[in-house]
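**Q** Sharing final.csv, CSV, C-alpha atoms and all ligand atoms:
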chain,number,residue,atom,x,y,z
A,1250,MET,CA,27.5,-2.3,7.9
A,1251,ALA,CA,28.7,-1.3,4.4
A,1252,HIS,CA,25.7,-1.0,2.0
A,1253,PRO,CA,25.8,-3.2,-1.1
A,1254,SER,CA,26.8,-1.8,-4.5
A,1255,LEU,CA,24.1,-2.0,-7.2
A,1256,SER,CA,26.0,-4.8,-8.9
A,1257,GLU,CA,25.4,-7.0,-5.9
A,1258,ILE,CA,21.6,-6.6,-5.9
A,1259,PRO,CA,20.7,-9.4,-8.4
A,1260,HIS,CA,22.6,-11.9,-6.4
A,1261,LEU,CA,21.0,-10.7,-3.2
A,1262,LEU,CA,17.5,-10.9,-4.6
A,1263,GLN,CA,18.2,-14.5,-5.8
A,1264,ARG,CA,19.4,-15.5,-2.4
A,1265,ILE,CA,16.4,-13.9,-0.6
A,1266,SER,CA,14.0,-15.5,-3.1
A,1267,GLU,CA,15.4,-19.0,-2.5
A,1268,GLU,CA,15.2,-18.5,1.3
A,1269,ALA,CA,11.7,-17.1,1.1
A,1270,ARG,CA,10.3,-20.0,-1.0
A,1271,ALA,CA,11.1,-22.4,1.8
A,1272,HIS,CA,8.2,-20.7,3.7
A,1273,PHE,CA,5.5,-21.6,1.2
A,1274,GLY,CA,2.6,-23.1,3.0
A,1275,GLU,CA,2.9,-21.1,6.2
A,1276,GLY,CA,0.1,-18.7,5.5
A,1277,LYS,CA,-3.3,-18.6,3.8
A,1278,VAL,CA,-4.5,-16.8,0.7
A,1279,ALA,CA,-7.2,-14.2,1.6
A,1280,ASN,CA,-10.7,-15.7,1.0
A,1281,TYR,CA,-13.1,-13.2,2.5
A,1282,ILE,CA,-13.1,-11.6,-0.9
A,1283,PRO,CA,-14.0,-14.7,-3.0
A,1284,ALA,CA,-12.3,-13.6,-6.2
A,1285,LEU,CA,-9.0,-13.4,-4.3
A,1286,ALA,CA,-9.3,-17.0,-3.1
A,1287,ASN,CA,-8.6,-18.2,-6.6
A,1288,VAL,CA,-5.0,-16.9,-6.7
A,1289,LYS,CA,-2.4,-19.6,-6.8
A,1290,PRO,CA,-0.6,-19.5,-3.4
A,1291,ASN,CA,3.0,-20.6,-4.3
A,1292,GLN,CA,4.1,-17.4,-6.0
A,1293,PHE,CA,6.8,-15.0,-4.9
A,1294,GLY,CA,8.2,-11.9,-6.7
A,1295,MET,CA,10.3,-9.0,-5.6
A,1296,ALA,CA,11.5,-5.8,-7.3
A,1297,ILE,CA,13.9,-3.1,-6.2
A,1298,ALA,CA,13.7,0.2,-8.0
A,1299,CYS,CA,16.7,2.4,-7.2
A,1300,VAL,CA,16.8,6.2,-7.3
A,1301,ASP,CA,19.4,6.0,-10.1
A,1302,GLY,CA,16.7,4.6,-12.4
A,1303,SER,CA,17.7,1.0,-12.3
A,1304,THR,CA,15.2,-1.8,-11.4
A,1305,HIS,CA,16.1,-5.3,-10.3
A,1306,THR,CA,13.7,-8.2,-10.1
A,1307,VAL,CA,13.4,-11.8,-9.1
A,1308,GLY,CA,10.7,-14.6,-9.4
A,1309,ASP,CA,7.2,-13.5,-10.2
A,1310,ALA,CA,8.0,-9.8,-10.2
A,1311,HIS,CA,6.2,-9.3,-13.5
A,1312,VAL,CA,2.9,-11.0,-12.5
A,1313,PRO,CA,0.1,-8.5,-11.8
A,1314,PHE,CA,-1.6,-8.9,-8.4
A,1315,SER,CA,-4.4,-7.2,-6.5
A,1316,LEU,CA,-3.1,-4.1,-4.6
A,1317,GLN,CA,-5.9,-4.0,-2.1
A,1318,SER,CA,-4.9,-1.9,0.9
A,1319,ILE,CA,-1.7,-0.8,-0.8
A,1320,THR,CA,-4.0,1.6,-2.8
A,1321,LYS,CA,-4.7,3.4,0.5
A,1322,LEU,CA,-1.2,4.8,0.3
A,1323,PHE,CA,-1.9,6.3,-3.1
A,1324,THR,CA,-5.4,7.6,-2.3
A,1325,PHE,CA,-4.0,9.2,0.9
A,1326,VAL,CA,-1.3,10.9,-1.1
A,1327,LEU,CA,-3.9,12.2,-3.6
A,1328,ALA,CA,-6.1,13.5,-0.7
A,1329,LEU,CA,-3.1,15.1,0.9
A,1330,ARG,CA,-2.2,16.9,-2.3
A,1331,ALA,CA,-5.8,18.1,-2.7
A,1332,GLU,CA,-6.7,19.0,0.9
A,1333,GLY,CA,-3.4,19.6,2.7
A,1334,ASP,CA,-3.7,19.7,6.5
A,1335,ALA,CA,-7.5,20.1,6.4
A,1336,LEU,CA,-7.5,16.3,6.1
A,1337,TRP,CA,-6.6,15.9,9.7
A,1338,GLN,CA,-10.0,17.1,10.8
A,1339,ARG,CA,-11.5,13.9,9.5
A,1340,VAL,CA,-8.9,11.2,10.1
A,1341,GLY,CA,-6.2,10.7,12.8
A,1342,ARG,CA,-2.6,9.7,12.5
A,1343,GLU,CA,-2.1,7.2,15.3
A,1344,PRO,CA,-1.5,3.5,15.0
A,1345,SER,CA,-4.8,1.6,15.7
A,1346,GLY,CA,-3.5,-1.5,17.3
A,1347,ALA,CA,-6.7,-3.1,16.0
A,1348,ALA,CA,-7.4,-5.3,12.9
A,1349,PHE,CA,-7.6,-3.4,9.6
A,1350,ASN,CA,-11.4,-3.9,9.4
A,1351,SER,CA,-12.2,-3.2,13.0
A,1352,ILE,CA,-15.1,-1.0,13.9
A,1353,VAL,CA,-14.8,-0.7,17.7
A,1354,GLN,CA,-12.7,2.4,17.9
A,1355,LEU,CA,-15.1,4.4,15.8
A,1356,GLU,CA,-17.7,4.2,18.6
A,1357,THR,CA,-15.5,5.7,21.3
A,1358,GLU,CA,-13.7,8.1,19.0
A,1359,ASN,CA,-16.8,9.8,17.5
A,1360,GLY,CA,-16.5,8.4,14.0
A,1361,ILE,CA,-12.9,9.7,13.4
A,1362,PRO,CA,-10.8,6.8,12.3
A,1363,ARG,CA,-7.3,6.4,13.8
A,1364,ASN,CA,-5.4,6.7,10.6
A,1365,PRO,CA,-5.8,6.7,6.8
A,1366,PHE,CA,-4.5,3.1,6.3
A,1367,ILE,CA,-7.1,1.1,8.2
A,1368,ASN,CA,-10.3,0.5,6.4
A,1369,ALA,CA,-12.3,3.1,8.2
A,1370,GLY,CA,-9.7,5.8,7.5
A,1371,ALA,CA,-9.3,4.8,3.9
A,1372,LEU,CA,-13.1,5.0,3.4
A,1373,VAL,CA,-13.0,8.6,4.7
A,1374,ILE,CA,-10.2,9.3,2.3
A,1375,THR,CA,-12.2,7.8,-0.6
A,1376,ASP,CA,-15.2,9.9,0.6
A,1377,ILE,CA,-13.0,13.0,0.4
A,1378,LEU,CA,-11.8,12.1,-3.1
A,1379,THR,CA,-15.4,11.2,-4.2
A,1380,SER,CA,-16.4,14.8,-3.2
A,1381,ARG,CA,-13.6,16.2,-5.2
A,1382,TYR,CA,-13.6,14.2,-8.4
A,1383,VAL,CA,-16.6,13.4,-10.5
A,1384,GLN,CA,-14.9,10.3,-11.7
A,1385,LEU,CA,-12.6,9.2,-8.9
A,1386,ASP,CA,-11.8,6.0,-10.7
A,1387,TYR,CA,-10.2,7.9,-13.5
A,1388,ALA,CA,-8.4,10.4,-11.2
A,1389,LEU,CA,-6.8,7.6,-9.3
A,1390,LEU,CA,-6.0,5.5,-12.3
A,1391,GLY,CA,-4.6,8.6,-14.0
A,1392,ALA,CA,-2.2,9.2,-11.1
A,1393,LEU,CA,-1.2,5.6,-10.9
A,1394,ARG,CA,-0.6,5.4,-14.6
A,1395,ARG,CA,1.6,8.4,-14.4
A,1396,LEU,CA,3.6,7.1,-11.5
A,1397,ALA,CA,3.9,3.6,-12.9
A,1398,ASP,CA,4.5,5.0,-16.3
A,1399,ASP,CA,2.0,2.5,-17.8
A,1400,PRO,CA,-1.0,3.8,-19.7
A,1401,GLU,CA,-2.6,0.3,-19.6
A,1402,LEU,CA,-2.8,0.1,-15.8
A,1403,HIS,CA,-6.3,-1.0,-14.7
A,1404,TRP,CA,-8.4,-2.6,-11.9
A,1405,ASN,CA,-9.9,-6.0,-12.2
A,1406,PRO,CA,-13.7,-5.7,-12.5
A,1407,GLU,CA,-14.3,-9.2,-11.2
A,1408,VAL,CA,-12.3,-8.6,-8.0
A,1409,ALA,CA,-14.1,-5.2,-7.5
A,1410,ARG,CA,-17.5,-6.8,-8.0
A,1411,SER,CA,-16.6,-9.7,-5.7
A,1412,GLU,CA,-15.6,-7.3,-2.9
A,1413,ARG,CA,-18.6,-5.1,-3.5
A,1414,GLU,CA,-20.9,-8.0,-3.0
A,1415,HIS,CA,-19.3,-8.8,0.4
A,1416,ALA,CA,-18.8,-5.2,1.6
A,1417,ASP,CA,-21.3,-5.2,4.5
A,1418,ARG,CA,-18.7,-4.6,7.2
A,1419,ASN,CA,-17.1,-1.7,5.3
A,1420,MET,CA,-20.6,-0.4,4.5
A,1421,ALA,CA,-21.5,-0.5,8.2
A,1422,MET,CA,-18.4,1.6,9.0
A,1423,ALA,CA,-19.3,4.1,6.4
A,1424,TYR,CA,-22.8,4.5,7.8
A,1425,PHE,CA,-21.5,4.7,11.3
A,1426,MET,CA,-19.1,7.6,10.3
A,1427,LYS,CA,-22.0,9.2,8.5
A,1428,SER,CA,-24.0,9.2,11.7
A,1429,HIS,CA,-21.2,11.2,13.2
A,1430,GLY,CA,-21.1,13.7,10.3
A,1431,ASN,CA,-17.8,12.3,9.1
A,1432,PHE,CA,-19.0,11.0,5.7
A,1433,HIS,CA,-20.4,13.3,3.1
A,1434,ASN,CA,-21.4,11.1,0.1
A,1435,ASP,CA,-23.7,8.2,-0.3
A,1436,PRO,CA,-21.9,5.2,1.3
A,1437,ALA,CA,-23.0,3.0,-1.7
A,1438,LEU,CA,-21.2,5.3,-4.2
A,1439,VAL,CA,-18.1,5.5,-2.0
A,1440,LEU,CA,-18.0,1.8,-1.6
A,1441,ASP,CA,-18.2,1.4,-5.4
A,1442,ASN,CA,-15.1,3.6,-5.7
A,1443,TYR,CA,-13.4,1.9,-2.8
A,1444,CYS,CA,-13.8,-1.6,-4.2
A,1445,ALA,CA,-12.7,-0.5,-7.7
A,1446,GLN,CA,-9.6,1.2,-6.1
A,1447,CYS,CA,-8.7,-1.9,-4.1
A,1448,ALA,CA,-8.9,-4.1,-7.2
A,1449,THR,CA,-6.2,-2.2,-9.0
A,1450,GLU,CA,-3.5,-4.5,-10.3
A,1451,MET,CA,0.2,-4.0,-10.6
A,1452,THR,CA,3.3,-6.1,-10.8
A,1453,CYS,CA,6.1,-5.8,-8.2
A,1454,ALA,CA,8.2,-4.0,-10.8
A,1455,GLN,CA,5.4,-1.4,-11.4
A,1456,LEU,CA,4.7,-1.0,-7.7
A,1457,ALA,CA,8.3,-0.3,-6.9
A,1458,GLN,CA,8.4,2.2,-9.7
A,1459,ALA,CA,5.1,3.9,-8.8
A,1460,SER,CA,6.1,4.5,-5.2
A,1461,MET,CA,9.6,5.7,-6.0
A,1462,PHE,CA,8.7,9.4,-5.2
A,1463,LEU,CA,8.6,8.3,-1.6
A,1464,ALA,CA,12.3,7.5,-1.7
A,1465,ASN,CA,13.2,10.5,-3.6
A,1466,ASP,CA,11.9,13.6,-1.7
A,1467,GLY,CA,8.6,13.4,-3.5
A,1468,ARG,CA,10.0,13.7,-7.0
A,1469,ASP,CA,8.5,11.6,-9.8
A,1470,LEU,CA,11.5,10.2,-11.7
A,1471,THR,CA,9.5,9.8,-14.9
A,1472,LEU,CA,9.0,13.6,-15.0
A,1473,GLN,CA,12.5,14.6,-14.0
A,1474,GLY,CA,13.3,18.2,-14.9
A,1475,GLN,CA,9.7,19.0,-15.7
A,1476,PRO,CA,7.7,21.6,-13.9
A,1477,ASP,CA,5.4,19.0,-12.2
A,1478,GLU,CA,8.3,16.8,-11.3
A,1479,HIS,CA,7.3,17.0,-7.6
A,1480,PHE,CA,4.4,14.6,-6.8
A,1481,LEU,CA,4.8,15.6,-3.1
A,1482,THR,CA,7.0,18.2,-1.4
A,1483,ALA,CA,10.0,16.8,0.5
A,1484,ASP,CA,8.2,17.8,3.7
A,1485,GLN,CA,5.0,16.0,2.8
A,1486,THR,CA,7.1,12.9,1.8
A,1487,ARG,CA,8.8,12.8,5.1
A,1488,ARG,CA,5.4,12.8,6.8
A,1489,VAL,CA,3.9,10.1,4.6
A,1490,ASN,CA,6.9,7.9,5.3
A,1491,ALA,CA,6.4,8.5,9.1
A,1492,LEU,CA,2.8,7.4,8.8
A,1493,LEU,CA,3.8,4.3,6.8
A,1494,LEU,CA,6.3,3.3,9.4
A,1495,THR,CA,3.8,3.7,12.3
A,1496,CYS,CA,0.6,2.6,10.6
A,1497,GLY,CA,1.3,0.8,7.3
A,1498,ALA,CA,0.9,-2.8,8.5
A,1499,TYR,CA,-2.3,-2.4,10.6
A,1500,ASP,CA,-2.0,-4.1,14.1
A,1501,ALA,CA,1.4,-5.6,13.0
A,1502,ALA,CA,2.9,-2.1,12.5
A,1503,GLY,CA,5.1,-2.4,15.7
A,1504,ASP,CA,6.2,-5.9,14.7
A,1505,PHE,CA,7.1,-4.7,11.2
A,1506,ALA,CA,9.0,-1.7,12.6
A,1507,TYR,CA,10.9,-4.1,14.9
A,1508,ARG,CA,11.7,-6.6,12.1
A,1509,ILE,CA,12.0,-4.3,9.0
A,1510,SER,CA,12.3,-0.7,10.3
A,1511,LEU,CA,11.2,0.8,7.0
A,1512,PRO,CA,8.0,2.6,6.0
A,1513,VAL,CA,5.8,-0.1,4.5
A,1514,LYS,CA,2.3,-0.5,3.1
A,1515,THR,CA,0.8,-4.0,3.0
A,1516,GLY,CA,-2.4,-5.4,1.4
A,1517,VAL,CA,-4.4,-8.6,1.5
A,1518,GLY,CA,-3.5,-9.4,-2.1
A,1519,GLY,CA,-0.1,-10.4,-0.6
A,1520,GLY,CA,1.8,-7.3,-1.7
A,1521,ILE,CA,4.1,-5.1,0.4
A,1522,VAL,CA,5.8,-2.0,-0.7
A,1523,ALA,CA,8.7,-0.6,1.4
A,1524,VAL,CA,10.6,2.7,1.1
A,1525,ILE,CA,14.3,3.1,1.7
A,1526,PRO,CA,14.7,6.8,1.6
A,1527,GLU,CA,17.4,8.1,-0.8
A,1528,VAL,CA,18.1,4.5,-2.0
A,1529,GLY,CA,14.9,3.2,-3.6
A,1530,THR,CA,11.7,1.3,-3.2
A,1531,VAL,CA,11.1,-2.5,-2.8
A,1532,ALA,CA,7.9,-4.3,-3.8
A,1533,VAL,CA,7.4,-7.9,-2.8
A,1534,TRP,CA,4.4,-10.1,-3.4
A,1535,SER,CA,3.4,-13.6,-2.2
A,1536,PRO,CA,-0.3,-14.3,-1.7
A,1537,GLU,CA,-0.2,-16.4,1.6
A,1538,LEU,CA,-1.0,-14.2,4.6
A,1539,ASP,CA,-0.5,-14.4,8.3
A,1540,ALA,CA,-3.3,-14.0,10.8
A,1541,LYS,CA,-3.2,-10.2,10.6
A,1542,GLY,CA,-3.5,-10.1,6.8
A,1543,ASN,CA,0.2,-9.5,5.9
A,1544,SER,CA,2.2,-11.5,3.4
A,1545,VAL,CA,4.3,-14.2,5.2
A,1546,LEU,CA,7.0,-14.4,2.6
A,1547,GLY,CA,6.8,-10.7,1.9
A,1548,ALA,CA,7.6,-9.8,5.5
A,1549,PHE,CA,10.3,-12.5,5.6
A,1550,ALA,CA,11.9,-11.2,2.4
A,1551,LEU,CA,12.0,-7.6,3.6
A,1552,GLU,CA,13.5,-8.6,6.9
A,1553,ARG,CA,16.2,-10.5,5.2
A,1554,LEU,CA,16.8,-7.6,2.8
A,1555,VAL,CA,17.5,-5.2,5.6
A,1556,GLN,CA,19.6,-7.8,7.5
A,1557,LEU,CA,21.8,-8.4,4.5
A,1558,THR,CA,22.1,-4.8,3.3
A,1559,GLY,CA,22.0,-2.7,6.4
A,1560,TRP,CA,19.3,-0.6,4.7
A,1561,GLY,CA,16.7,0.7,7.0
A,1562,TYR,CA,16.8,2.7,10.1
A,1563,SER,CA,20.6,2.9,10.1
A,1564,SER,CA,20.7,4.2,6.5
A,1565,VAL,CA,18.1,7.0,6.8
B,1601,LIG,N1,-6.1,-5.2,4.2
B,1601,LIG,C1,-6.6,-5.0,3.0
B,1601,LIG,O1,-5.8,-5.1,2.0
B,1601,LIG,C2,-8.0,-4.8,3.0
B,1601,LIG,C3,-8.5,-4.3,1.7
B,1601,LIG,C4,-9.9,-4.9,1.3
B,1601,LIG,N2,-10.3,-4.3,0.1
B,1601,LIG,C5,-10.9,-4.6,2.4
B,1601,LIG,O2,-11.5,-3.6,2.5
B,1601,LIG,O3,-11.1,-5.5,3.2
Would you encode the structure as structure tokens?
Ligand SMILES: NC(=O)CC[C@H](N)C(=O)O
**A**
Amino acid sequence: MAHPSLSEIPHLLQRISEEARAHFGEGKVANYIPALANVKPNQFGMAIACVDGSTHTVGDAHVPFSLQSITKLFTFVLALRAEGDALWQRVGREPSGAAFNSIVQLETENGIPRNPFINAGALVITDILTSRYVQLDYALLGALRRLADDPELHWNPEVARSEREHADRNMAMAYFMKSHGNFHNDPALVLDNYCAQCATEMTCAQLAQASMFLANDGRDLTLQGQPDEHFLTADQTRRVNALLLTCGAYDAAGDFAYRISLPVKTGVGGGIVAVIPEVGTVAVWSPELDAKGNSVLGAFALERLVQLTGWGYSSV
């Protein structure tokens, strides 16, 4: 299939948005974090940031939303930059096939989480970063502000507090891993950092921009030509994308690969970011979720995008 020219993208986005909006009402806004339950359900936004520097948007692409598990992608990248392969002593890289907040595998697998994108794995990553940075919140925000090119980027303290007050399950996982020696800091401190991290807000346009390095061999376009242009090496980038393809959508990762065939990261705020290597990044947001915690309209829109463009497995 011939891939679309850039001039066709606005029309494509418009078409996908109209089709997607017909699916409002098919999912449910996350409510296990009370502050997220207040988000208006019928919203849909999508942004495509291309490696040539252009960005195309439709609908609510400039409305900030809660990144939630999408932040696990960025904390993982920060930990990979800091620790390199030593990271793999503390977390695996296999799909879990279990819910994002499942605890069962930790028992049989000696407190080593399956991958960095389920809650247990992300908690270990935040533990690693907590050991390394006195103020993790600023290290992470600093990196995200750089990537999104927005010095105002922040997390929502009300959402962070709301999750922190309902964090018993994540806390249980942290203690369980500590009992196996795979958690080095006070779980309460790591949970503070984790809940703040998850409450980071971005718009689709910003998220597409901030993840652009994954489509561009690890290069941060905002720093093109400068010595620290590479946020990741090309080899690291390839590996991160492989993990996103196999583990980025929890226990729906296989279904996402079948439908969308792109590296993705999803979050219960209703966002999904997808990487089209060499082409660009796509961020889509719609708060209604399916039973596995992934955005119904978001998955639909990405599936339509790859059907209509041929981007995806065939283009990489
Ligand atoms: N899947 C998600 O987005 C989950 C993130 C959420 N903060 C949690 O830990 O439950």
**Q** Could you produce a table of the residues of chain A lying within 6 Å of ligand LIG 1601 (chain B), with the nearest pair of atoms per residue and their separation in Å rounded to one decimal, using only C-alpha atoms and all ligand atoms, ordered by chain and increasing residue number, as JSON lines?
**A**
{"residue": "A:Gln1317", "atom": "CA", "partner": "B:LIG1601", "partner_atom": "O1", "distance": 4.2}
{"residue": "A:Ser1318", "atom": "CA", "partner": "B:LIG1601", "partner_atom": "O1", "distance": 3.5}
{"residue": "A:Phe1349", "atom": "CA", "partner": "B:LIG1601", "partner_atom": "N1", "distance": 5.9}
{"residue": "A:Asn1368", "atom": "CA", "partner": "B:LIG1601", "partner_atom": "O2", "distance": 5.8}
{"residue": "A:Cys1447", "atom": "CA", "partner": "B:LIG1601", "partner_atom": "N2", "distance": 5.1}
{"residue": "A:Gly1516", "atom": "CA", "partner": "B:LIG1601", "partner_atom": "O1", "distance": 3.5}
{"residue": "A:Val1517", "atom": "CA", "partner": "B:LIG1601", "partner_atom": "O1", "distance": 3.8}
**Q** Could you list, as a list in words, every residue within 10 Å of A:His1415, counting all atoms listed in the file and ignoring same-chain residues fewer than 5 positions away?
**A**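 Once the nearby chain positions are removed, what remains is Tyr1281, Ile1282, Pro1283, Arg1410 and Met1420 of chain A.
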**Q** For a quick check of understanding, using only C-alpha atoms, which of A:Gln1446, A:Gly1360, A:His1311, A:Ala1498 has the smallest distance to A:Tyr1424?
**A** A:Gly1360
**Q** One decimal, Å: what's the distance from atom CA of A:Pro1365 over to atom CA of A:Phe1325, could you say?
**A**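 Calculated distance between atom CA of A:Pro1365 and atom CA of A:Phe1325 is 6.7 Å.
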**Q** Quick one: everything within 12 Å of A:Ala1437, counting only C-alpha atoms, minus sequence neighbours fewer than 6 positions away in the same chain. Send it as an NGL selection string.
**A** :A and (1372 or 1375-1376 or 1379 or 1413-1414 or 1416-1417 or 1419-1424 or 1427 or 1443-1444)
**Q** Quote the spacing between atom CA of A:Leu1551 and atom CA of A:Asp1466 in Å to one decimal place.
**A**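 Going from atom CA of A:Leu1551 over to atom CA of A:Asp1466, I get 21.9 Å.
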**Q** Pick from A:Ala1502, A:Met1461, A:Ile1352, A:Ala1409: nearest to A:Leu1440, with only C-alpha atoms counted?
**A**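 Among the listed residues, the smallest separation from A:Leu1440 belongs to A:Ala1409.
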**Q** In terms of the shortest atom-to-atom distance over all atoms listed in the file, which of A:Ser1380, A:Asn1431, A:Asn1291, A:Ser1303 is closest to A:Glu1358?
**A** A:Asn1431
**Q** With all atoms listed in the file as the atoms that count, which of A:Leu1285, A:Leu1393, A:Leu1336, A:Cys1496 lies nearest to A:Asp1469?
**A** A:Leu1393
**Q** Within 12 Å of A:Ile1361, counting all atoms listed in the file, which residues show up once you throw out same-chain ones fewer than 3 positions away? Write them as JSON, numbers by chain, please.
**A** {"A": [1336, 1337, 1338, 1339, 1340, 1341, 1342, 1343, 1345, 1352, 1353, 1354, 1355, 1356, 1357, 1358, 1364, 1365, 1367, 1368, 1369, 1370, 1371, 1372, 1373, 1374, 1422, 1423, 1425, 1426, 1427, 1428, 1429, 1430, 1431, 1432]}
**Q** Which residues, written as a list in words, have at least one atom at most 10 Å from A:Phe1505, with only C-alpha atoms counted and residues fewer than 3 positions away on the same chain left out?
**A**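 Counting only the stated atoms, we get Leu1494, Thr1495, Cys1496, Gly1497, Ala1498, Tyr1499, Asp1500, Ala1501, Ala1502, Arg1508, Ile1509, Ser1510, Leu1511, Pro1512, Val1513, Asn1543, Ala1548, Leu1551 and Glu1552 of chain A.
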**Q** Could you check which of A:Gln1384, A:Asn1442, A:Gln1475, A:Thr1452 is closest to A:Phe1293, using all atoms listed in the file?
**A**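 For A:Phe1293, the nearest of the candidates is A:Thr1452.
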**Q** Could you check which of A:His1272, A:Arg1264, A:Arg1487, A:His1479 is closest to A:Val1545, using all atoms listed in the file?
**A** A:His1272
**Q** Pick out the residues sitting within 10 Å of A:Gly1391, and hand them over as a PyMOL selection string; count all atoms listed in the file, and ignore anything fewer than 6 positions along from it in its own chain.
**A** chain A and resi 1385+1397+1399-1400+1402-1403
**Q** What gap, in Å, lies between atom CA of A:Asp1398 and atom CA of A:Thr1486?
**A**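 Distance between the two atoms: 19.9 Å.
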